[in-house]
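Shown next: entry.txt, containing compact mmCIF, C-alpha atoms.
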# COMPACT_ATOMS: atom_id res chain seq x y z
CA MET A 1 -68.46 -13.18 -56.65
CA THR A 2 -67.41 -10.15 -58.70
CA ALA A 3 -70.29 -8.36 -60.40
CA ARG A 4 -70.19 -8.44 -64.19
CA ARG A 5 -70.17 -4.94 -65.69
CA VAL A 6 -71.15 -4.17 -69.26
CA ARG A 7 -70.96 -0.39 -68.80
CA PRO A 8 -67.85 1.63 -68.01
CA ARG A 9 -67.42 2.42 -64.33
CA LEU A 10 -66.65 6.06 -63.60
CA ALA A 11 -65.66 7.70 -60.33
CA VAL A 12 -67.73 10.88 -59.96
CA THR A 13 -66.74 13.35 -57.25
CA ALA A 14 -69.22 15.49 -55.34
CA GLY A 15 -67.07 18.61 -55.61
CA ASP A 16 -67.01 21.36 -53.01
CA PRO A 17 -69.57 20.47 -50.32
CA CYS A 18 -70.56 24.13 -49.97
CA GLY A 19 -71.20 24.55 -53.69
CA ILE A 20 -73.72 23.00 -56.06
CA GLY A 21 -71.64 19.85 -56.66
CA PRO A 22 -73.45 17.51 -54.25
CA GLU A 23 -76.85 18.76 -55.48
CA ILE A 24 -76.09 18.21 -59.17
CA LEU A 25 -74.58 14.81 -58.37
CA ILE A 26 -77.81 13.62 -56.78
CA LYS A 27 -79.84 15.09 -59.65
CA ALA A 28 -77.57 13.59 -62.33
CA LEU A 29 -77.93 10.11 -60.86
CA SER A 30 -81.71 10.38 -61.20
CA ASP A 31 -81.29 10.91 -64.96
CA PRO A 32 -81.92 7.63 -66.82
CA ARG A 33 -79.41 8.58 -69.52
CA VAL A 34 -76.68 8.36 -66.90
CA THR A 35 -77.77 5.07 -65.37
CA ARG A 36 -78.11 3.50 -68.81
CA ALA A 37 -74.66 4.62 -69.93
CA VAL A 38 -72.38 4.07 -66.92
CA ASP A 39 -71.90 2.44 -63.56
CA VAL A 40 -71.19 5.35 -61.23
CA VAL A 41 -69.04 5.26 -58.13
CA ALA A 42 -69.91 8.57 -56.47
CA VAL A 43 -67.21 9.89 -54.15
CA GLY A 44 -68.60 12.07 -51.38
CA ASP A 45 -70.23 12.11 -47.96
CA GLU A 46 -73.27 9.91 -47.33
CA ARG A 47 -74.80 12.10 -44.62
CA GLN A 48 -74.72 15.21 -46.77
CA LEU A 49 -76.05 13.44 -49.86
CA LYS A 50 -78.90 11.85 -47.90
CA ARG A 51 -79.92 15.22 -46.52
CA LEU A 52 -79.91 16.63 -50.02
CA ALA A 53 -81.94 13.75 -51.45
CA ARG A 54 -84.59 14.27 -48.77
CA THR A 55 -84.67 18.03 -49.34
CA LEU A 56 -84.89 17.65 -53.11
CA LYS A 57 -87.43 14.81 -52.80
CA ILE A 58 -85.26 12.58 -54.97
CA VAL A 59 -85.26 8.82 -54.45
CA TRP A 60 -81.94 7.68 -52.99
CA PRO A 61 -80.07 6.59 -56.14
CA PHE A 62 -77.42 4.30 -54.69
CA ALA A 63 -77.61 0.52 -54.65
CA ALA A 64 -74.90 0.35 -51.99
CA THR A 65 -72.63 2.46 -49.80
CA VAL A 66 -69.05 1.34 -49.17
CA ARG A 67 -66.14 2.74 -47.19
CA ASP A 68 -63.53 0.17 -48.18
CA PRO A 69 -62.43 0.28 -51.84
CA ALA A 70 -62.07 -3.50 -51.86
CA GLN A 71 -65.86 -3.78 -51.54
CA LEU A 72 -66.38 -2.10 -54.91
CA ALA A 73 -65.31 -5.17 -56.85
CA SER A 74 -68.49 -6.96 -55.81
CA CYS A 75 -70.88 -4.03 -56.35
CA ALA A 76 -72.90 -3.10 -59.41
CA GLY A 77 -75.06 -0.12 -60.22
CA PRO A 78 -74.65 3.32 -58.64
CA VAL A 79 -72.44 2.96 -55.57
CA LEU A 80 -71.45 5.61 -53.04
CA PHE A 81 -67.88 5.61 -51.79
CA ASP A 82 -68.45 7.37 -48.48
CA LEU A 83 -65.55 9.53 -47.31
CA GLN A 84 -67.31 10.65 -44.12
CA ASN A 85 -65.63 14.03 -44.37
CA VAL A 86 -68.47 16.58 -44.40
CA ASP A 87 -70.35 17.70 -41.29
CA SER A 88 -73.57 19.68 -41.02
CA SER A 89 -71.75 22.83 -39.89
CA LEU A 90 -70.55 23.45 -43.45
CA LEU A 91 -73.08 25.82 -44.99
CA PRO A 92 -74.04 26.39 -48.63
CA GLY A 93 -72.07 29.22 -50.22
CA GLN A 94 -69.40 29.16 -47.52
CA ILE A 95 -65.71 29.58 -48.38
CA SER A 96 -64.00 27.16 -46.05
CA ALA A 97 -60.70 25.35 -45.65
CA ARG A 98 -62.66 22.30 -44.43
CA ALA A 99 -64.72 22.35 -47.60
CA GLY A 100 -61.58 22.71 -49.71
CA LYS A 101 -60.01 19.75 -47.93
CA ALA A 102 -63.13 17.62 -48.45
CA SER A 103 -63.22 18.41 -52.16
CA ALA A 104 -59.52 17.60 -52.54
CA GLU A 105 -59.95 14.31 -50.66
CA ALA A 106 -62.69 13.31 -53.12
CA ILE A 107 -60.38 13.96 -56.07
CA GLU A 108 -57.57 12.00 -54.42
CA ALA A 109 -59.91 9.09 -53.73
CA ALA A 110 -61.26 9.07 -57.29
CA VAL A 111 -57.75 8.98 -58.74
CA ALA A 112 -56.82 6.17 -56.35
CA LEU A 113 -59.84 4.17 -57.56
CA THR A 114 -58.69 4.43 -61.17
CA GLN A 115 -55.14 3.55 -60.24
CA ALA A 116 -56.49 0.42 -58.51
CA SER A 117 -58.52 -0.43 -61.67
CA LEU A 118 -61.76 0.00 -59.72
CA ALA A 119 -62.86 2.74 -62.13
CA CYS A 120 -61.81 3.54 -65.68
CA GLY A 121 -62.21 7.31 -65.53
CA VAL A 122 -63.00 10.31 -63.39
CA VAL A 123 -65.76 12.92 -63.63
CA THR A 124 -65.47 15.87 -61.26
CA ALA A 125 -68.10 18.22 -59.92
CA PRO A 126 -66.87 21.80 -59.41
CA ILE A 127 -64.48 22.82 -56.66
CA ASN A 128 -63.86 26.27 -55.19
CA LYS A 129 -60.28 27.37 -55.75
CA GLU A 130 -60.31 29.80 -52.82
CA SER A 131 -61.42 27.05 -50.42
CA LEU A 132 -58.86 24.68 -51.93
CA SER A 133 -56.10 27.23 -51.33
CA ALA A 134 -57.33 27.86 -47.78
CA ALA A 135 -56.93 24.14 -47.12
CA GLY A 136 -53.25 24.39 -48.01
CA TYR A 137 -53.34 22.96 -51.52
CA LYS A 138 -51.08 24.79 -53.96
CA ASP A 139 -52.75 23.39 -57.08
CA PRO A 140 -54.56 26.18 -58.98
CA GLY A 141 -57.34 23.77 -59.96
CA HIS A 142 -58.38 20.27 -60.99
CA THR A 143 -56.06 20.11 -64.01
CA GLU A 144 -52.89 20.75 -62.06
CA MET A 145 -53.95 18.54 -59.14
CA LEU A 146 -54.67 15.64 -61.46
CA GLN A 147 -51.31 16.08 -63.18
CA ARG A 148 -49.57 15.97 -59.80
CA LEU A 149 -51.50 12.97 -58.51
CA THR A 150 -50.86 10.94 -61.67
CA HIS A 151 -47.29 12.15 -62.24
CA SER A 152 -48.26 13.00 -65.83
CA LYS A 153 -45.56 14.79 -67.82
CA GLN A 154 -47.85 16.98 -69.90
CA VAL A 155 -51.57 17.67 -69.60
CA GLY A 156 -53.92 20.00 -71.41
CA MET A 157 -57.40 21.48 -71.12
CA LEU A 158 -59.87 20.75 -73.90
CA PHE A 159 -63.49 21.87 -74.07
CA TRP A 160 -65.49 19.45 -76.19
CA ALA A 161 -69.01 19.82 -77.57
CA GLU A 162 -70.89 18.65 -80.63
CA GLN A 163 -70.99 22.22 -81.97
CA MET A 164 -67.27 22.96 -81.60
CA SER A 165 -64.21 22.15 -79.53
CA VAL A 166 -61.53 24.39 -78.06
CA ALA A 167 -58.10 23.55 -76.62
CA LEU A 168 -56.13 25.93 -74.42
CA LEU A 169 -52.42 26.66 -74.74
CA THR A 170 -52.37 28.04 -71.18
CA THR A 171 -54.89 27.59 -68.37
CA HIS A 172 -54.67 29.17 -64.94
CA LEU A 173 -52.17 31.95 -65.56
CA SER A 174 -52.51 35.70 -65.37
CA LEU A 175 -52.95 37.28 -68.78
CA ARG A 176 -49.49 38.85 -68.53
CA ASP A 177 -47.87 35.46 -67.84
CA ALA A 178 -50.00 33.75 -70.47
CA LEU A 179 -48.78 36.13 -73.17
CA ARG A 180 -45.17 35.36 -72.25
CA ALA A 181 -45.95 31.66 -72.65
CA VAL A 182 -46.78 31.99 -76.36
CA THR A 183 -43.53 30.46 -77.65
CA LYS A 184 -42.66 28.18 -80.56
CA ALA A 185 -41.77 25.32 -78.26
CA ARG A 186 -44.93 25.59 -76.18
CA VAL A 187 -47.25 25.91 -79.18
CA LEU A 188 -45.64 22.90 -80.86
CA ARG A 189 -45.87 20.78 -77.70
CA ALA A 190 -49.54 21.68 -77.32
CA LEU A 191 -50.33 20.82 -80.93
CA LEU A 192 -48.63 17.44 -80.61
CA LEU A 193 -50.46 16.70 -77.35
CA PHE A 194 -53.94 17.63 -78.55
CA ASP A 195 -53.45 15.80 -81.86
CA ALA A 196 -52.41 12.59 -80.10
CA GLU A 197 -55.12 12.79 -77.44
CA TRP A 198 -57.89 13.54 -79.98
CA ILE A 199 -56.85 10.40 -81.86
CA ARG A 200 -56.74 8.46 -78.57
CA TRP A 201 -60.22 9.43 -77.34
CA ILE A 202 -62.14 10.31 -80.51
CA GLY A 203 -60.47 7.98 -82.98
CA LYS A 204 -59.43 10.22 -85.86
CA GLN A 205 -56.83 12.85 -86.60
CA PRO A 206 -58.20 16.34 -85.94
CA ARG A 207 -58.10 19.33 -88.23
CA ILE A 208 -56.61 21.91 -85.85
CA VAL A 209 -56.54 25.66 -86.32
CA VAL A 210 -54.50 28.01 -84.14
CA ALA A 211 -56.07 31.30 -83.09
CA SER A 212 -53.99 34.43 -83.43
CA LEU A 213 -52.75 36.39 -80.44
CA ASN A 214 -52.90 39.86 -81.96
CA PRO A 215 -55.71 41.64 -83.86
CA HIS A 216 -55.98 40.46 -87.49
CA ALA A 217 -53.25 37.87 -86.81
CA GLY A 218 -50.73 40.68 -86.38
CA GLU A 219 -51.33 42.22 -89.81
CA SER A 220 -47.86 41.18 -91.08
CA GLY A 221 -46.20 42.56 -87.97
CA ARG A 222 -48.01 45.90 -87.75
CA PHE A 223 -49.96 44.83 -84.63
CA GLY A 224 -47.44 42.46 -83.06
CA LEU A 225 -44.75 39.99 -84.03
CA GLU A 226 -45.80 36.88 -82.08
CA GLU A 227 -47.56 35.35 -85.08
CA GLN A 228 -44.45 35.62 -87.27
CA ARG A 229 -41.86 34.78 -84.64
CA GLU A 230 -43.56 32.12 -82.54
CA ILE A 231 -46.86 30.78 -83.85
CA GLU A 232 -46.29 30.38 -87.60
CA PRO A 233 -42.98 28.51 -87.14
CA ALA A 234 -44.64 26.15 -84.64
CA VAL A 235 -47.47 25.48 -87.08
CA GLU A 236 -44.96 24.70 -89.85
CA MET A 237 -43.03 22.33 -87.57
CA ALA A 238 -46.27 20.56 -86.65
CA ARG A 239 -47.21 20.18 -90.30
CA ALA A 240 -43.78 18.69 -91.00
CA ARG A 241 -44.63 16.04 -88.41
CA GLY A 242 -47.84 15.13 -90.20
CA LEU A 243 -50.38 17.16 -88.22
CA LEU A 244 -53.35 18.74 -89.97
CA VAL A 245 -52.80 22.27 -88.68
CA SER A 246 -53.75 25.70 -90.01
CA GLY A 247 -53.25 29.23 -88.78
CA PRO A 248 -52.74 31.42 -87.01
CA LEU A 249 -56.09 32.84 -88.07
CA PRO A 250 -57.74 35.95 -86.59
CA ALA A 251 -59.35 35.06 -83.27
CA ASP A 252 -62.45 37.15 -83.96
CA THR A 253 -63.56 34.81 -86.78
CA VAL A 254 -61.81 31.49 -86.17
CA PHE A 255 -64.35 30.12 -83.69
CA GLN A 256 -67.18 30.59 -86.16
CA ARG A 257 -65.17 28.66 -88.75
CA VAL A 258 -64.73 25.79 -86.30
CA ARG A 259 -68.43 25.88 -85.48
CA GLY A 260 -69.18 25.78 -89.21
CA GLY A 261 -67.24 22.52 -89.61
CA GLN A 262 -64.13 23.80 -91.41
CA PHE A 263 -61.97 22.59 -88.52
CA ASP A 264 -62.41 20.12 -85.64
CA LEU A 265 -60.52 22.00 -82.96
CA VAL A 266 -59.16 25.47 -82.30
CA LEU A 267 -56.08 26.01 -80.16
CA ALA A 268 -56.74 29.19 -78.16
CA LEU A 269 -53.68 30.90 -76.73
CA TYR A 270 -55.00 31.91 -73.31
CA HIS A 271 -57.83 30.91 -71.01
CA ASP A 272 -60.55 33.46 -71.73
CA GLN A 273 -59.84 33.58 -75.46
CA GLY A 274 -61.08 29.99 -75.63
CA THR A 275 -63.57 29.66 -72.79
CA ILE A 276 -65.70 32.73 -73.55
CA PRO A 277 -66.79 31.61 -77.04
CA ILE A 278 -67.42 27.98 -76.19
CA LYS A 279 -69.42 28.80 -73.07
CA LEU A 280 -71.39 31.39 -74.99
CA VAL A 281 -72.16 29.05 -77.89
CA CYS A 282 -72.44 25.69 -76.14
CA GLY A 283 -73.46 26.50 -72.56
CA TYR A 284 -73.85 23.42 -70.36
CA ASN A 285 -73.33 21.15 -73.38
CA ALA A 286 -69.60 21.87 -73.34
CA VAL A 287 -67.48 19.41 -71.38
CA ASN A 288 -64.06 20.10 -69.89
CA VAL A 289 -61.66 17.26 -70.72
CA THR A 290 -58.20 16.93 -69.19
CA VAL A 291 -55.94 15.29 -71.77
CA GLY A 292 -52.59 13.65 -71.10
CA LEU A 293 -53.74 11.65 -68.05
CA PRO A 294 -53.63 7.84 -67.87
CA PHE A 295 -57.46 7.85 -67.87
CA ILE A 296 -60.32 9.97 -69.16
CA ARG A 297 -61.32 12.91 -66.98
CA THR A 298 -64.24 15.21 -67.67
CA SER A 299 -66.15 17.89 -65.80
CA PRO A 300 -68.90 20.44 -66.40
CA ASP A 301 -67.71 23.74 -67.83
CA HIS A 302 -69.11 25.76 -64.89
CA GLY A 303 -68.07 26.48 -61.32
CA THR A 304 -69.45 25.99 -57.83
CA ALA A 305 -72.17 28.67 -58.23
CA MET A 306 -71.97 29.64 -54.56
CA ASP A 307 -74.75 32.21 -55.05
CA ILE A 308 -77.35 29.48 -55.68
CA ALA A 309 -75.86 26.69 -53.55
CA GLY A 310 -78.42 25.21 -51.18
CA LYS A 311 -81.42 26.63 -53.06
CA GLY A 312 -82.23 23.47 -55.02
CA VAL A 313 -82.29 25.27 -58.36
CA ALA A 314 -78.95 24.18 -59.86
CA SER A 315 -79.07 22.46 -63.25
CA ALA A 316 -77.39 19.06 -63.47
CA LEU A 317 -77.15 19.21 -67.27
CA GLY A 318 -73.44 20.05 -67.27
CA LEU A 319 -72.57 17.11 -65.03
CA VAL A 320 -74.84 14.78 -67.00
CA GLN A 321 -73.08 15.80 -70.21
CA ALA A 322 -69.68 15.30 -68.59
CA ILE A 323 -70.61 11.77 -67.49
CA LEU A 324 -72.04 10.88 -70.90
CA ALA A 325 -68.98 12.28 -72.69
CA ALA A 326 -66.63 10.26 -70.47
CA ALA A 327 -68.63 7.12 -71.24
CA ARG A 328 -68.60 7.91 -74.95
CA PHE A 329 -64.83 8.39 -75.06
CA GLN A 330 -64.23 5.31 -72.93
CA LYS A 331 -66.29 3.09 -75.23
CA ARG A 332 -64.60 4.22 -78.43
Representation of the structure as structure tokens:
Amino acid sequence: MTARRVRPRLAVTAGDPCGIGPEILIKALSDPRVTRAVDVVAVGDERQLKRLARTLKIVWPFAATVRDPAQLASCAGPVLFDLQNVDSSLLPGQISARAGKASAEAIEAAVALTQASLACGVVTAPINKESLSAAGYKDPGHTEMLQRLTHSKQVGMLFWAEQMSVALLTTHLSLRDALRAVTKARVLRALLLFDAEWIRWIGKQPRIVVASLNPHAGESGRFGLEEQREIEPAVEMARARGLLVSGPLPADTVFQRVRGGQFDLVLALYHDQGTIPIKLVCGYNAVNVTVGLPFIRTSPDHGTAMDIAGKGVASALGLVQAILAAARFQKR
């Protein structure tokens, strides 16, 4: 008989097996806020996770372990979907093609679970991009891999927190390439995407502000023409379509205005312009959300922390917040 679920079921990956992902997964599942909010299907390796639980002196959190997805329909509570793809020779902090392959297989399995309606969303622990590349994957990171696996036409990266939220126009590009990508068409497409996805997951139309590219928003062309030629026209076109958009406003003050409640969301024009302020202000409370997918996907806003992997000191707060955020958006 199929188990009755009253909580959303989320597939949560263990991340790179040589990073802190497996550790924070075990720790997160011992947090009662998580077990009250969601039914977790953890996607990882049982042998590795059992070794970690013993080392960390954490009670084994799983009600069942399955290796056939069909078995999940009859399971309730925290369940481990065991991929059997990590052996004890993989060491903490190690950059490894085998580790990259294991982390990618977990993502692929989690997506497959949602596509089979065995989970309603995905939460990912951090992966190591160097290990992923060594394993032969050309995806720069989670965002691009998830877009490929789901055949999504357009995706975006949004960092959400109670204090403020930041969307990125470009993600994993060099700064030189990111600057070339600041075009009217791209800015407009991003504004339309983040407006629609905010409504989809949060339930109201956002007040969006676009950060400037140049100092003082270009100072009427004295410090650059991108604001006049590319950004302002895109903002006007978005307004004509009914979006609540302002800007471009100087990037050195716009984040404080979002934090103060004047706007709901800032569109940053390149990766570090957006991620530095939100990580500084919000820390582990910020959650990375991939928008444009068929399902909700969240992750912590930190990486694999190879320098502390295997030491038992990693904080699970970021993963806990990512799981709770995914549950919150799913229940809206």
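You can rank A:Leu10, A:Ala106, A:Val122, A:Ala28 by their closest distance to A:Gly77 using all atoms listed in the file, and at the top of that list sits A:Leu10.
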- Message: So that I can see what lies close to stretch 192-200 of chain A, please list as a PyMOL selection string the residues with an atom at most 12 Å from it, counting all atoms listed in the file and leaving out residues fewer than 3 positions away in the same chain.
- Response: chain A and resi 153-160+165-169+185-189+203-210+234-235+237-245+264-268+289-296+329-332
Within 8 Å of A:Val41 using only C-alpha atoms, minus same-chain residues under 5 positions, as a PDB file with C-alpha atoms, in the frame of the given file:
ATOM      1  CA  ARG A   9     -67.420   2.420 -64.330  1.00  0.00           C
ATOM      2  CA  LEU A  10     -66.650   6.060 -63.600  1.00  0.00           C
ATOM      3  CA  ALA A  11     -65.660   7.700 -60.330  1.00  0.00           C
ATOM      4  CA  VAL A  12     -67.730  10.880 -59.960  1.00  0.00           C
ATOM      5  CA  PRO A  78     -74.650   3.320 -58.640  1.00  0.00           C
ATOM      6  CA  VAL A  79     -72.440   2.960 -55.570  1.00  0.00           C
ATOM      7  CA  LEU A  80     -71.450   5.610 -53.040  1.00  0.00           C
ATOM      8  CA  PHE A  81     -67.880   5.610 -51.790  1.00  0.00           C
ATOM      9  CA  ALA A 119     -62.860   2.740 -62.130  1.00  0.00           C
TER      10      ALA A 119
END
- Distance criterion (only C-alpha atoms): nearest to A:Leu49 out of A:Gln84, A:Lys311, A:Ala37, A:Leu72: A:Gln84
- Message: Give me the residues near A:Gly19 as an NGL selection string, where near means some atom within 10 Å (using only C-alpha atoms) and where sequence neighbours in that chain fewer than 4 positions away do not count.
- Response: :A and (14-15 or 23-24 or 91-95 or 99 or 125-128 or 303-310 or 314)
File of the preceding selection, C-alpha atoms, as a PDB file, in the coordinates of the input:
ATOM      1  CA  ALA A  14     -69.220  15.490 -55.340  1.00  0.00           C
ATOM      2  CA  GLY A  15     -67.070  18.610 -55.610  1.00  0.00           C
ATOM      3  CA  GLU A  23     -76.850  18.760 -55.480  1.00  0.00           C
ATOM      4  CA  ILE A  24     -76.090  18.210 -59.170  1.00  0.00           C
ATOM      5  CA  LEU A  91     -73.080  25.820 -44.990  1.00  0.00           C
ATOM      6  CA  PRO A  92     -74.040  26.390 -48.630  1.00  0.00           C
ATOM      7  CA  GLY A  93     -72.070  29.220 -50.220  1.00  0.00           C
ATOM      8  CA  GLN A  94     -69.400  29.160 -47.520  1.00  0.00           C
ATOM      9  CA  ILE A  95     -65.710  29.580 -48.380  1.00  0.00           C
ATOM     10  CA  ALA A  99     -64.720  22.350 -47.600  1.00  0.00           C
ATOM     11  CA  ALA A 125     -68.100  18.220 -59.920  1.00  0.00           C
ATOM     12  CA  PRO A 126     -66.870  21.800 -59.410  1.00  0.00           C
ATOM     13  CA  ILE A 127     -64.480  22.820 -56.660  1.00  0.00           C
ATOM     14  CA  ASN A 128     -63.860  26.270 -55.190  1.00  0.00           C
ATOM     15  CA  GLY A 303     -68.070  26.480 -61.320  1.00  0.00           C
ATOM     16  CA  THR A 304     -69.450  25.990 -57.830  1.00  0.00           C
ATOM     17  CA  ALA A 305     -72.170  28.670 -58.230  1.00  0.00           C
ATOM     18  CA  MET A 306     -71.970  29.640 -54.560  1.00  0.00           C
ATOM     19  CA  ASP A 307     -74.750  32.210 -55.050  1.00  0.00           C
ATOM     20  CA  ILE A 308     -77.350  29.480 -55.680  1.00  0.00           C
ATOM     21  CA  ALA A 309     -75.860  26.690 -53.550  1.00  0.00           C
ATOM     22  CA  GLY A 310     -78.420  25.210 -51.180  1.00  0.00           C
ATOM     23  CA  ALA A 314     -78.950  24.180 -59.860  1.00  0.00           C
TER      24      ALA A 314
END
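In terms of minimum interatomic distance to A:Gln321, A:Thr124 ranks closest within A:Gln262, A:Ser174, A:Thr124, A:Thr275, counting only C-alpha atoms.
We find atom CA of A:Gly274 and atom CA of A:Cys120 to be spaced 28.3 Å apart.
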- Restricting the calculation to all atoms listed in the file, which member of A:Asp272, A:Gln115, A:Ile202, A:Leu319 is positioned closest to A:Thr170? A:Asp272
- Item | Counting only C-alpha atoms, the option among A:Arg229, A:His271, A:Arg222, A:Lys138 closest to A:Leu173 | A:His271
- Calculate how many Å separate atom CA of A:His172 from atom CA of A:Phe255, rounding to one decimal.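 Going from atom CA of A:His172 over to atom CA of A:Phe255 covers 21.1 Å.
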- Task: Considering only C-alpha atoms, state which residue in the set A:Gly100, A:Gly44, A:Gly121, A:Pro248 is at the smallest distance from A:Ala326.
- Result: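 The closest residue to A:Ala326 is A:Gly121.
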- Query: Please, what distance in Å, to one decimal, runs between atom CA of A:Glu108 and atom CA of A:Val34?
  - Reply: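 Between atom CA of A:Glu108 and atom CA of A:Val34 the gap works out to 23.1 Å.
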- Message: For a quick check of your reading of the model, name the residues lying within 10 Å of the coordinate (-77.9, 20.5, -63.3), counting all atoms listed in the file, and write them as a ChimeraX atom specification.
- Response: /A:20-21,23-28,284,300,312-321
